[in-house]
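Listing of upload.pdb, PDB, C-alpha atoms, pLDDT in the B column
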```
ATOM      1  CA  MET V   1      13.395  -8.656   8.542  1.00 75.00           C
ATOM      2  CA  ARG V   2      13.096 -12.352   7.849  1.00 84.00           C
ATOM      3  CA  PRO V   3      13.473 -13.132   4.145  1.00 83.00           C
ATOM      4  CA  GLU V   4      10.704 -15.740   4.173  1.00 85.00           C
ATOM      5  CA  LEU V   5       8.207 -12.966   4.909  1.00 88.00           C
ATOM      6  CA  VAL V   6       8.188 -12.061   1.183  1.00 89.00           C
ATOM      7  CA  ILE V   7       4.991 -13.988   0.746  1.00 89.00           C
ATOM      8  CA  ALA V   8       3.270 -11.675   3.206  1.00 91.00           C
ATOM      9  CA  HIS V   9       5.002  -8.474   2.155  1.00 91.00           C
ATOM     10  CA  GLU V  10       4.544  -5.928  -0.578  1.00 92.00           C
ATOM     11  CA  TRP V  11       5.474  -7.071  -4.083  1.00 93.00           C
ATOM     12  CA  ILE V  12       4.800  -3.789  -5.846  1.00 93.00           C
ATOM     13  CA  GLY V  13       8.146  -2.087  -6.407  1.00 92.00           C
ATOM     14  CA  LEU V  14      10.240  -5.274  -6.284  1.00 93.00           C
ATOM     15  CA  ASN V  15      12.390  -6.448  -9.173  1.00 94.00           C
ATOM     16  CA  VAL V  16      11.327  -9.899 -10.335  1.00 95.00           C
ATOM     17  CA  GLU V  17      12.286 -12.408 -12.971  1.00 94.00           C
ATOM     18  CA  VAL V  18      10.176 -15.308 -14.224  1.00 95.00           C
ATOM     19  CA  VAL V  19      12.289 -18.436 -13.864  1.00 93.00           C
ATOM     20  CA  LYS V  20       9.842 -21.255 -14.546  1.00 92.00           C
ATOM     21  CA  SER V  21       6.614 -21.183 -16.455  1.00 93.00           C
ATOM     22  CA  VAL V  22       4.182 -23.388 -18.327  1.00 92.00           C
ATOM     23  CA  ASN V  23       4.395 -20.917 -21.162  1.00 92.00           C
ATOM     24  CA  PRO V  24       7.958 -20.889 -22.550  1.00 92.00           C
ATOM     25  CA  CYS V  25       7.584 -17.329 -23.867  1.00 92.00           C
ATOM     26  CA  GLU V  26       7.235 -16.031 -20.315  1.00 91.00           C
ATOM     27  CA  VAL V  27      10.537 -17.416 -19.056  1.00 93.00           C
ATOM     28  CA  GLY V  28      13.045 -14.599 -18.736  1.00 91.00           C
ATOM     29  CA  ILE V  29      10.606 -11.743 -18.277  1.00 93.00           C
ATOM     30  CA  ARG V  30      12.393  -9.324 -15.999  1.00 94.00           C
ATOM     31  CA  GLY V  31      11.316  -6.015 -14.537  1.00 95.00           C
ATOM     32  CA  LYS V  32       9.575  -4.114 -11.788  1.00 94.00           C
ATOM     33  CA  VAL V  33       6.190  -5.112 -10.423  1.00 94.00           C
ATOM     34  CA  VAL V  34       3.748  -2.226 -10.868  1.00 94.00           C
ATOM     35  CA  ASP V  35       0.441  -3.844  -9.957  1.00 94.00           C
ATOM     36  CA  GLU V  36      -0.941  -6.987  -8.438  1.00 93.00           C
ATOM     37  CA  THR V  37      -4.301  -8.729  -8.580  1.00 94.00           C
ATOM     38  CA  LYS V  38      -5.499 -12.024  -7.136  1.00 94.00           C
ATOM     39  CA  ASN V  39      -4.225 -14.119 -10.036  1.00 94.00           C
ATOM     40  CA  THR V  40      -1.664 -11.964 -11.817  1.00 95.00           C
ATOM     41  CA  LEU V  41       1.398  -9.788 -11.443  1.00 94.00           C
ATOM     42  CA  LYS V  42       1.830  -6.830 -13.776  1.00 95.00           C
ATOM     43  CA  ILE V  43       5.503  -6.402 -14.597  1.00 95.00           C
ATOM     44  CA  MET V  44       7.010  -3.332 -16.257  1.00 94.00           C
ATOM     45  CA  THR V  45       9.804  -4.560 -18.536  1.00 94.00           C
ATOM     46  CA  GLU V  46      11.989  -2.720 -21.024  1.00 93.00           C
ATOM     47  CA  LYS V  47       9.615  -3.760 -23.804  1.00 92.00           C
ATOM     48  CA  GLY V  48       6.483  -2.701 -21.998  1.00 93.00           C
ATOM     49  CA  LEU V  49       3.874  -3.886 -19.548  1.00 94.00           C
ATOM     50  CA  LYS V  50       3.500  -7.657 -19.193  1.00 94.00           C
ATOM     51  CA  THR V  51       0.838  -9.519 -17.249  1.00 95.00           C
ATOM     52  CA  VAL V  52       1.997 -12.827 -15.794  1.00 95.00           C
ATOM     53  CA  ILE V  53      -0.270 -15.333 -14.071  1.00 95.00           C
ATOM     54  CA  LYS V  54       0.955 -16.395 -10.618  1.00 93.00           C
ATOM     55  CA  LYS V  55      -0.271 -19.983 -10.628  1.00 92.00           C
ATOM     56  CA  GLY V  56       2.338 -22.513 -11.754  1.00 91.00           C
ATOM     57  CA  ARG V  57       5.128 -19.966 -12.220  1.00 93.00           C
ATOM     58  CA  VAL V  58       8.318 -19.461 -10.240  1.00 94.00           C
ATOM     59  CA  PHE V  59       9.555 -15.927  -9.591  1.00 94.00           C
ATOM     60  CA  ARG V  60      13.047 -14.866  -8.622  1.00 94.00           C
ATOM     61  CA  VAL V  61      13.041 -11.939  -6.187  1.00 93.00           C
ATOM     62  CA  LYS V  62      15.498 -10.074  -4.055  1.00 91.00           C
ATOM     63  CA  PHE V  63      14.049  -9.357  -0.635  1.00 88.00           C
ATOM     64  CA  ALA V  64      15.783  -8.434   2.630  1.00 85.00           C
ATOM     65  CA  GLY V  65      19.153  -8.879   0.938  1.00 87.00           C
ATOM     66  CA  LYS V  66      18.511 -12.418  -0.252  1.00 88.00           C
ATOM     67  CA  LEU V  67      17.912 -13.721  -3.743  1.00 91.00           C
ATOM     68  CA  MET V  68      15.331 -16.473  -3.789  1.00 91.00           C
ATOM     69  CA  ASP V  69      12.910 -18.376  -5.975  1.00 91.00           C
ATOM     70  CA  VAL V  70       9.305 -18.066  -4.833  1.00 91.00           C
ATOM     71  CA  SER V  71       6.619 -20.336  -6.174  1.00 91.00           C
ATOM     72  CA  GLY V  72       3.636 -18.432  -7.556  1.00 90.00           C
ATOM     73  CA  ASP V  73       1.207 -20.800  -5.870  1.00 90.00           C
ATOM     74  CA  LEU V  74       2.236 -19.393  -2.478  1.00 90.00           C
ATOM     75  CA  ILE V  75       1.204 -15.863  -3.417  1.00 90.00           C
ATOM     76  CA  ASN V  76      -1.959 -16.742  -5.291  1.00 93.00           C
ATOM     77  CA  PHE V  77      -4.208 -14.578  -3.103  1.00 93.00           C
ATOM     78  CA  ARG V  78      -5.575 -11.065  -3.164  1.00 94.00           C
ATOM     79  CA  PRO V  79      -2.831  -8.563  -2.221  1.00 93.00           C
ATOM     80  CA  GLU V  80      -4.467  -7.520   1.052  1.00 92.00           C
ATOM     81  CA  GLU V  81      -5.319 -11.109   1.979  1.00 92.00           C
ATOM     82  CA  ARG V  82      -1.754 -12.290   1.511  1.00 92.00           C
ATOM     83  CA  ILE V  83      -0.627 -11.006   4.921  1.00 93.00           C
ATOM     84  CA  ARG V  84      -3.026 -13.283   6.801  1.00 92.00           C
ATOM     85  CA  ARG V  85      -2.823 -16.247   4.458  1.00 91.00           C
ATOM     86  CA  GLY V  86       0.922 -15.975   3.980  1.00 90.00           C
ATOM     87  CA  LEU V  87       1.571 -16.064   7.712  1.00 90.00           C
ATOM     88  CA  ILE V  88      -0.676 -19.110   8.055  1.00 89.00           C
ATOM     89  CA  LEU V  89       1.255 -20.856   5.276  1.00 89.00           C
ATOM     90  CA  LEU V  90       4.509 -20.017   7.057  1.00 88.00           C
ATOM     91  CA  LYS V  91       3.184 -21.367  10.356  1.00 86.00           C
ATOM     92  CA  ARG V  92       2.078 -24.617   8.806  1.00 84.00           C
ATOM     93  CA  GLY V  93       5.557 -25.033   7.375  1.00 80.00           C
ATOM     94  CA  LYS V  94       4.457 -25.132   3.764  1.00 71.00           C
ATOM     95  CA  VAL V  95       7.210 -22.747   2.781  1.00 71.00           C
ATOM     96  CA  ARG V  96      10.798 -23.766   2.364  1.00 66.00           C
ATOM     97  CA  ARG V  97      12.933 -21.718   4.760  1.00 58.00           C
ATOM     98  CA  TRP V  98      15.681 -19.719   3.166  1.00 56.00           C
TER      99      TRP V  98
ATOM    100  CA  MET T   1      -7.265 -24.236  14.749  1.00 66.00           C
ATOM    101  CA  LEU T   2      -4.173 -22.125  14.283  1.00 73.00           C
ATOM    102  CA  LYS T   3      -3.904 -18.896  16.184  1.00 82.00           C
ATOM    103  CA  ARG T   4      -3.359 -15.788  14.121  1.00 83.00           C
ATOM    104  CA  GLU T   5      -0.317 -13.637  14.863  1.00 86.00           C
ATOM    105  CA  ARG T   6      -2.134 -10.336  14.943  1.00 88.00           C
ATOM    106  CA  LYS T   7       0.825  -8.266  16.123  1.00 91.00           C
ATOM    107  CA  LEU T   8       3.000  -9.407  13.243  1.00 91.00           C
ATOM    108  CA  GLU T   9       0.102  -8.951  10.820  1.00 92.00           C
ATOM    109  CA  LYS T  10      -0.358  -5.354  11.932  1.00 93.00           C
ATOM    110  CA  LYS T  11       3.361  -4.645  11.740  1.00 94.00           C
ATOM    111  CA  ILE T  12       3.588  -5.923   8.171  1.00 93.00           C
ATOM    112  CA  ALA T  13       0.427  -4.052   7.221  1.00 94.00           C
ATOM    113  CA  LYS T  14       1.916  -0.776   8.510  1.00 95.00           C
ATOM    114  CA  GLU T  15       5.108  -1.310   6.520  1.00 94.00           C
ATOM    115  CA  ARG T  16       3.146  -2.099   3.374  1.00 94.00           C
ATOM    116  CA  ILE T  17       1.055   1.061   3.732  1.00 95.00           C
ATOM    117  CA  ASP T  18       4.249   3.125   4.049  1.00 95.00           C
ATOM    118  CA  ILE T  19       5.689   1.520   0.913  1.00 94.00           C
ATOM    119  CA  LEU T  20       2.492   2.025  -1.092  1.00 95.00           C
ATOM    120  CA  PHE T  21       2.226   5.719  -0.253  1.00 95.00           C
ATOM    121  CA  LYS T  22       5.870   6.281  -1.127  1.00 94.00           C
ATOM    122  CA  LEU T  23       5.313   4.605  -4.493  1.00 94.00           C
ATOM    123  CA  MET T  24       2.179   6.686  -4.975  1.00 94.00           C
ATOM    124  CA  GLU T  25       4.195   9.887  -4.590  1.00 93.00           C
ATOM    125  CA  GLU T  26       6.599   8.735  -7.308  1.00 92.00           C
ATOM    126  CA  MET T  27       3.909   7.459  -9.649  1.00 90.00           C
ATOM    127  CA  LYS T  28       1.604  10.487  -9.313  1.00 91.00           C
ATOM    128  CA  ASP T  29       3.089  12.367 -12.256  1.00 91.00           C
ATOM    129  CA  LYS T  30       3.744   9.348 -14.487  1.00 91.00           C
ATOM    130  CA  ASP T  31       0.526   7.361 -14.225  1.00 91.00           C
ATOM    131  CA  TYR T  32      -2.339   8.965 -12.331  1.00 92.00           C
ATOM    132  CA  ASP T  33      -4.624   5.920 -12.395  1.00 93.00           C
ATOM    133  CA  LEU T  34      -1.919   3.619 -11.083  1.00 94.00           C
ATOM    134  CA  ALA T  35      -1.248   6.075  -8.237  1.00 94.00           C
ATOM    135  CA  ARG T  36      -4.945   5.850  -7.366  1.00 94.00           C
ATOM    136  CA  ARG T  37      -4.699   2.053  -7.389  1.00 95.00           C
ATOM    137  CA  TYR T  38      -1.919   2.242  -4.775  1.00 95.00           C
ATOM    138  CA  VAL T  39      -4.110   4.391  -2.529  1.00 95.00           C
ATOM    139  CA  GLU T  40      -6.918   1.875  -2.951  1.00 94.00           C
ATOM    140  CA  LEU T  41      -4.655  -1.039  -2.011  1.00 95.00           C
ATOM    141  CA  ALA T  42      -3.271   0.804   1.016  1.00 95.00           C
ATOM    142  CA  ARG T  43      -6.790   1.597   2.210  1.00 95.00           C
ATOM    143  CA  ARG T  44      -7.895  -2.008   1.771  1.00 95.00           C
ATOM    144  CA  ILE T  45      -4.953  -3.234   3.850  1.00 95.00           C
ATOM    145  CA  ALA T  46      -5.713  -0.665   6.561  1.00 95.00           C
ATOM    146  CA  MET T  47      -9.374  -1.702   6.708  1.00 95.00           C
ATOM    147  CA  LYS T  48      -8.677  -5.411   6.715  1.00 94.00           C
ATOM    148  CA  TYR T  49      -6.140  -5.304   9.563  1.00 94.00           C
ATOM    149  CA  ARG T  50      -7.849  -2.433  11.404  1.00 94.00           C
ATOM    150  CA  ILE T  51      -5.031   0.082  11.540  1.00 94.00           C
ATOM    151  CA  LYS T  52      -5.228   3.809  10.988  1.00 94.00           C
ATOM    152  CA  ILE T  53      -3.741   5.433   7.928  1.00 94.00           C
ATOM    153  CA  PRO T  54      -1.303   8.040   9.324  1.00 93.00           C
ATOM    154  CA  LYS T  55      -2.565  11.613   9.201  1.00 92.00           C
ATOM    155  CA  VAL T  56       0.319  12.669   6.943  1.00 93.00           C
ATOM    156  CA  PHE T  57      -0.879  10.258   4.260  1.00 94.00           C
ATOM    157  CA  LYS T  58      -4.551  10.957   4.804  1.00 93.00           C
ATOM    158  CA  LEU T  59      -4.083  14.542   3.640  1.00 93.00           C
ATOM    159  CA  LYS T  60      -2.626  13.380   0.342  1.00 93.00           C
ATOM    160  CA  PHE T  61      -5.678  11.905  -1.353  1.00 94.00           C
ATOM    161  CA  CYS T  62      -9.387  12.581  -1.837  1.00 94.00           C
ATOM    162  CA  LYS T  63     -11.589  10.593   0.515  1.00 93.00           C
ATOM    163  CA  LYS T  64     -14.325  10.160  -2.058  1.00 94.00           C
ATOM    164  CA  CYS T  65     -12.686   9.316  -5.393  1.00 94.00           C
ATOM    165  CA  LEU T  66      -9.329   8.182  -3.916  1.00 94.00           C
ATOM    166  CA  TYR T  67      -7.322  10.104  -6.518  1.00 95.00           C
ATOM    167  CA  PRO T  68      -4.205  11.617  -4.943  1.00 94.00           C
ATOM    168  CA  TYR T  69      -4.068  15.405  -4.823  1.00 94.00           C
ATOM    169  CA  LYS T  70      -1.884  16.546  -7.690  1.00 91.00           C
ATOM    170  CA  GLU T  71      -0.814  19.912  -8.994  1.00 90.00           C
ATOM    171  CA  GLY T  72      -3.693  21.441 -10.920  1.00 91.00           C
ATOM    172  CA  ARG T  73      -6.251  18.858  -9.801  1.00 92.00           C
ATOM    173  CA  PHE T  74      -7.157  20.388  -6.442  1.00 94.00           C
ATOM    174  CA  ARG T  75      -7.798  23.772  -4.892  1.00 94.00           C
ATOM    175  CA  VAL T  76      -6.870  25.075  -1.445  1.00 95.00           C
ATOM    176  CA  ARG T  77      -8.508  28.105   0.134  1.00 95.00           C
ATOM    177  CA  ILE T  78      -8.557  29.509   3.629  1.00 94.00           C
ATOM    178  CA  ALA T  79     -11.860  30.937   4.807  1.00 91.00           C
ATOM    179  CA  LYS T  80     -13.764  31.290   8.083  1.00 89.00           C
ATOM    180  CA  SER T  81     -10.928  29.834  10.140  1.00 90.00           C
ATOM    181  CA  ARG T  82     -10.733  26.619   8.147  1.00 93.00           C
ATOM    182  CA  VAL T  83      -8.743  25.197   5.254  1.00 94.00           C
ATOM    183  CA  ILE T  84     -10.993  24.202   2.374  1.00 96.00           C
ATOM    184  CA  VAL T  85      -9.602  21.591  -0.022  1.00 95.00           C
ATOM    185  CA  THR T  86     -11.619  20.931  -3.171  1.00 96.00           C
ATOM    186  CA  CYS T  87     -10.932  17.918  -5.374  1.00 95.00           C
ATOM    187  CA  LEU T  88     -11.348  18.927  -9.005  1.00 95.00           C
ATOM    188  CA  ASN T  89     -11.817  15.316 -10.160  1.00 92.00           C
ATOM    189  CA  CYS T  90     -15.038  14.683  -8.258  1.00 94.00           C
ATOM    190  CA  GLY T  91     -15.849  17.978  -6.565  1.00 94.00           C
ATOM    191  CA  TYR T  92     -15.636  16.693  -2.996  1.00 95.00           C
ATOM    192  CA  VAL T  93     -14.945  19.429  -0.467  1.00 95.00           C
ATOM    193  CA  LYS T  94     -12.854  18.706   2.593  1.00 94.00           C
ATOM    194  CA  ARG T  95     -12.806  21.246   5.403  1.00 94.00           C
ATOM    195  CA  ILE T  96     -10.092  21.214   8.027  1.00 93.00           C
ATOM    196  CA  PRO T  97     -10.717  23.554  10.947  1.00 92.00           C
ATOM    197  CA  ILE T  98      -7.883  25.666  12.265  1.00 89.00           C
ATOM    198  CA  ARG T  99      -8.284  26.213  15.973  1.00 82.00           C
ATOM    199  CA  PRO T 100      -6.571  29.087  17.724  1.00 76.00           C
ATOM    200  CA  ILE T 101      -4.440  28.064  20.688  1.00 77.00           C
ATOM    201  CA  ARG T 102      -6.575  28.455  23.757  1.00 77.00           C
ATOM    202  CA  GLN T 103      -5.146  30.536  26.562  1.00 75.00           C
ATOM    203  CA  LYS T 104      -5.365  28.884  29.923  1.00 73.00           C
ATOM    204  CA  ILE T 105      -7.444  30.782  32.410  1.00 71.00           C
ATOM    205  CA  SER T 106      -6.010  30.481  35.869  1.00 69.00           C
ATOM    206  CA  LYS T 107      -8.304  29.651  38.796  1.00 68.00           C
ATOM    207  CA  GLU T 108      -7.804  32.983  40.485  1.00 67.00           C
ATOM    208  CA  ASN T 109      -8.950  34.848  37.391  1.00 66.00           C
ATOM    209  CA  LYS T 110     -12.090  32.757  37.150  1.00 65.00           C
ATOM    210  CA  LYS T 111     -12.954  33.369  40.777  1.00 63.00           C
ATOM    211  CA  GLY T 112     -12.376  37.065  40.435  1.00 58.00           C
ATOM    212  CA  LYS T 113     -14.720  37.300  37.470  1.00 55.00           C
ATOM    213  CA  GLY T 114     -17.438  35.211  39.058  1.00 50.00           C
TER     214      GLY T 114
END
```

Could you show the structure in this file as structure tokens?
Amino acid sequence: MRPELVIAHEWIGLNVEVVKSVNPCEVGIRGKVVDETKNTLKIMTEKGLKTVIKKGRVFRVKFAGKLMDVSGDLINFRPEERIRRGLILLKRGKVRRW
Amino acid sequence: MLKRERKLEKKIAKERIDILFKLMEEMKDKDYDLARRYVELARRIAMKYRIKIPKVFKLKFCKKCLYPYKEGRFRVRIAKSRVIVTCLNCGYVKRIPIRPIRQKISKENKKGKG
């Protein structure tokens, strides 16, 4: 599987870390994604459930054996809509290839 | 206008449905509402990209309230040559007919009877 397909694939169950954020308290949140909405990711950390907004954040994920930083703006869609929209973004070349 | 890659879309959708149902099985005992959310997401993906949810997965949740069948929350009975599954969350009754294997009647037999 191509690693750049993360933006179209399932995020629930992946381990993520917030690398960049407007809110300095959010940097360093690490855990498993348990739920996803259009604008947020719900991350289960050791300290409990955290809700992080996707817009303007950068997430570090491991997908298809590669560790990469994914901008939250690329996944700022409803979970079921991300397949279609993500592939369009990939086709237009808006995503950096890993 | 960009052309959509429908084959790839459907392939990814199938994989995502598989993942969601696997996670649902794990989450069922920990967080029942979250398990229901996974079923809801899987169903939405299936509807959007027009693929069927595999029959194995279809038997694992209630069609009406979308809560997965869990120990103590559903009832199974066999009556009148059908399996009757009742969801105890919403009361929806699902009936699955059991058909006996039909024996093939050979042509000679048919002719002889007629």

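Here atom CA of V:Gly86 and atom CA of V:Asn39 stand 15.0 Å from one another.
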
Given the file shown, enumerate the residues that the PyMOL selection byres ((chain T and resi 93) around 10) captures and present them as a PyMOL selection string. chain T and resi 62-64+74-76+84-88+90-92+94-96

May I ask you to extract the residues of chain T within 8 Å of chain V, using all atoms listed in the file, and to give them as an mmCIF file with C-alpha atoms, keeping the file's coordinate frame?
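Done, and the output landed in iface_35.cif:
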```cif
data_model
loop_
_atom_site.group_PDB
_atom_site.id
_atom_site.type_symbol
_atom_site.label_atom_id
_atom_site.label_comp_id
_atom_site.auth_asym_id
_atom_site.auth_seq_id
_atom_site.Cartn_x
_atom_site.Cartn_y
_atom_site.Cartn_z
ATOM 1 C CA LEU T 2 -4.173 -22.125 14.283
ATOM 2 C CA ARG T 4 -3.359 -15.788 14.121
ATOM 3 C CA GLU T 5 -0.317 -13.637 14.863
ATOM 4 C CA GLU T 9 0.102 -8.951 10.820
ATOM 5 C CA ILE T 12 3.588 -5.923 8.171
ATOM 6 C CA ALA T 13 0.427 -4.052 7.221
ATOM 7 C CA ARG T 16 3.146 -2.099 3.374
ATOM 8 C CA ILE T 19 5.689 1.520 0.913
ATOM 9 C CA LEU T 20 2.492 2.025 -1.092
ATOM 10 C CA LEU T 23 5.313 4.605 -4.493
ATOM 11 C CA LEU T 34 -1.919 3.619 -11.083
ATOM 12 C CA LEU T 41 -4.655 -1.039 -2.011
ATOM 13 C CA ARG T 44 -7.895 -2.008 1.771
ATOM 14 C CA ILE T 45 -4.953 -3.234 3.850
ATOM 15 C CA LYS T 48 -8.677 -5.411 6.715
#
```

Can you pull out every residue within 7 Å of V:Val61, counting all atoms listed in the file, but drop anything in the same chain fewer than 6 positions away, and send it as a list in words?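 My reading of the contact set: Asn15, Val16, Glu17, Leu67, Met68 and Asp69 of chain V.
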
If I take atom CA of V:Lys50 and atom CA of T:Ala42, how far is one from the other in Å, to one decimal?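 Atom CA of V:Lys50 sits 22.9 Å away from atom CA of T:Ala42.
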
Residue contacts of V:Arg2 (12 Å, only C-alpha atoms) excluding same-chain residues fewer than 6 positions away, as a PyMOL selection string: (chain V and resi 8-9+63-66+90+97-98) or (chain T and resi 8+12)

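Using only C-alpha atoms for every distance, the candidate list V:Gly72, V:Asn23, V:Pro3, V:Lys32 yields V:Gly72 as the residue closest to V:Phe59.
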
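You will find atom CA of V:Glu4 at 8.0 Å from atom CA of V:Val95.
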
Have stretch 58-79 of chain V completed to N, CA and C atoms, please, and pass it along as an mmCIF file, keeping the file's coordinate frame.
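To be explicit, this is the file written out as part_10.cif:
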```cif
data_model
loop_
_atom_site.group_PDB
_atom_site.id
_atom_site.type_symbol
_atom_site.label_atom_id
_atom_site.label_comp_id
_atom_site.auth_asym_id
_atom_site.auth_seq_id
_atom_site.Cartn_x
_atom_site.Cartn_y
_atom_site.Cartn_z
ATOM 1 N N VAL V 58 7.353 -19.692 -11.321
ATOM 2 C CA VAL V 58 8.318 -19.461 -10.240
ATOM 3 C C VAL V 58 8.983 -18.113 -10.488
ATOM 4 N N PHE V 59 8.983 -17.269 -9.468
ATOM 5 C CA PHE V 59 9.555 -15.927 -9.591
ATOM 6 C C PHE V 59 10.836 -15.825 -8.777
ATOM 7 N N ARG V 60 11.813 -15.121 -9.361
ATOM 8 C CA ARG V 60 13.047 -14.866 -8.622
ATOM 9 C C ARG V 60 13.019 -13.424 -8.115
ATOM 10 N N VAL V 61 13.099 -13.283 -6.783
ATOM 11 C CA VAL V 61 13.041 -11.939 -6.187
ATOM 12 C C VAL V 61 14.195 -11.713 -5.244
ATOM 13 N N LYS V 62 14.537 -10.428 -5.087
ATOM 14 C CA LYS V 62 15.498 -10.074 -4.055
ATOM 15 C C LYS V 62 14.735 -9.361 -2.948
ATOM 16 N N PHE V 63 14.777 -9.948 -1.755
ATOM 17 C CA PHE V 63 14.049 -9.357 -0.635
ATOM 18 C C PHE V 63 14.881 -9.517 0.624
ATOM 19 N N ALA V 64 14.998 -8.455 1.389
ATOM 20 C CA ALA V 64 15.783 -8.434 2.630
ATOM 21 C C ALA V 64 17.204 -8.934 2.384
ATOM 22 N N GLY V 65 17.761 -8.553 1.230
ATOM 23 C CA GLY V 65 19.153 -8.879 0.938
ATOM 24 C C GLY V 65 19.396 -10.296 0.484
ATOM 25 N N LYS V 66 18.325 -11.038 0.188
ATOM 26 C CA LYS V 66 18.511 -12.418 -0.252
ATOM 27 C C LYS V 66 17.806 -12.653 -1.586
ATOM 28 N N LEU V 67 18.501 -13.379 -2.451
ATOM 29 C CA LEU V 67 17.912 -13.721 -3.743
ATOM 30 C C LEU V 67 17.263 -15.096 -3.611
ATOM 31 N N MET V 68 15.985 -15.168 -3.965
ATOM 32 C CA MET V 68 15.331 -16.473 -3.789
ATOM 33 C C MET V 68 14.268 -16.714 -4.846
ATOM 34 N N ASP V 69 13.950 -17.996 -5.032
ATOM 35 C CA ASP V 69 12.910 -18.376 -5.975
ATOM 36 C C ASP V 69 11.623 -18.657 -5.201
ATOM 37 N N VAL V 70 10.572 -17.913 -5.539
ATOM 38 C CA VAL V 70 9.305 -18.066 -4.833
ATOM 39 C C VAL V 70 8.281 -18.666 -5.795
ATOM 40 N N SER V 71 7.648 -19.728 -5.347
ATOM 41 C CA SER V 71 6.619 -20.336 -6.174
ATOM 42 C C SER V 71 5.381 -19.445 -6.216
ATOM 43 N N GLY V 72 4.809 -19.294 -7.402
ATOM 44 C CA GLY V 72 3.636 -18.432 -7.556
ATOM 45 C C GLY V 72 2.411 -18.940 -6.833
ATOM 46 N N ASP V 73 2.373 -20.248 -6.565
ATOM 47 C CA ASP V 73 1.207 -20.800 -5.870
ATOM 48 C C ASP V 73 1.092 -20.274 -4.443
ATOM 49 N N LEU V 74 2.250 -19.883 -3.854
ATOM 50 C CA LEU V 74 2.236 -19.393 -2.478
ATOM 51 C C LEU V 74 1.660 -17.988 -2.371
ATOM 52 N N ILE V 75 1.689 -17.246 -3.487
ATOM 53 C CA ILE V 75 1.204 -15.863 -3.417
ATOM 54 C C ILE V 75 -0.073 -15.697 -4.217
ATOM 55 N N ASN V 76 -0.760 -16.808 -4.459
ATOM 56 C CA ASN V 76 -1.959 -16.742 -5.291
ATOM 57 C C ASN V 76 -3.185 -16.312 -4.481
ATOM 58 N N PHE V 77 -3.092 -15.143 -3.851
ATOM 59 C CA PHE V 77 -4.208 -14.578 -3.103
ATOM 60 C C PHE V 77 -4.340 -13.109 -3.452
ATOM 61 N N ARG V 78 -5.442 -12.509 -2.964
ATOM 62 C CA ARG V 78 -5.575 -11.065 -3.164
ATOM 63 C C ARG V 78 -4.476 -10.346 -2.372
ATOM 64 N N PRO V 79 -3.975 -9.200 -2.882
ATOM 65 C CA PRO V 79 -2.831 -8.563 -2.221
ATOM 66 C C PRO V 79 -3.044 -8.270 -0.744
#
```
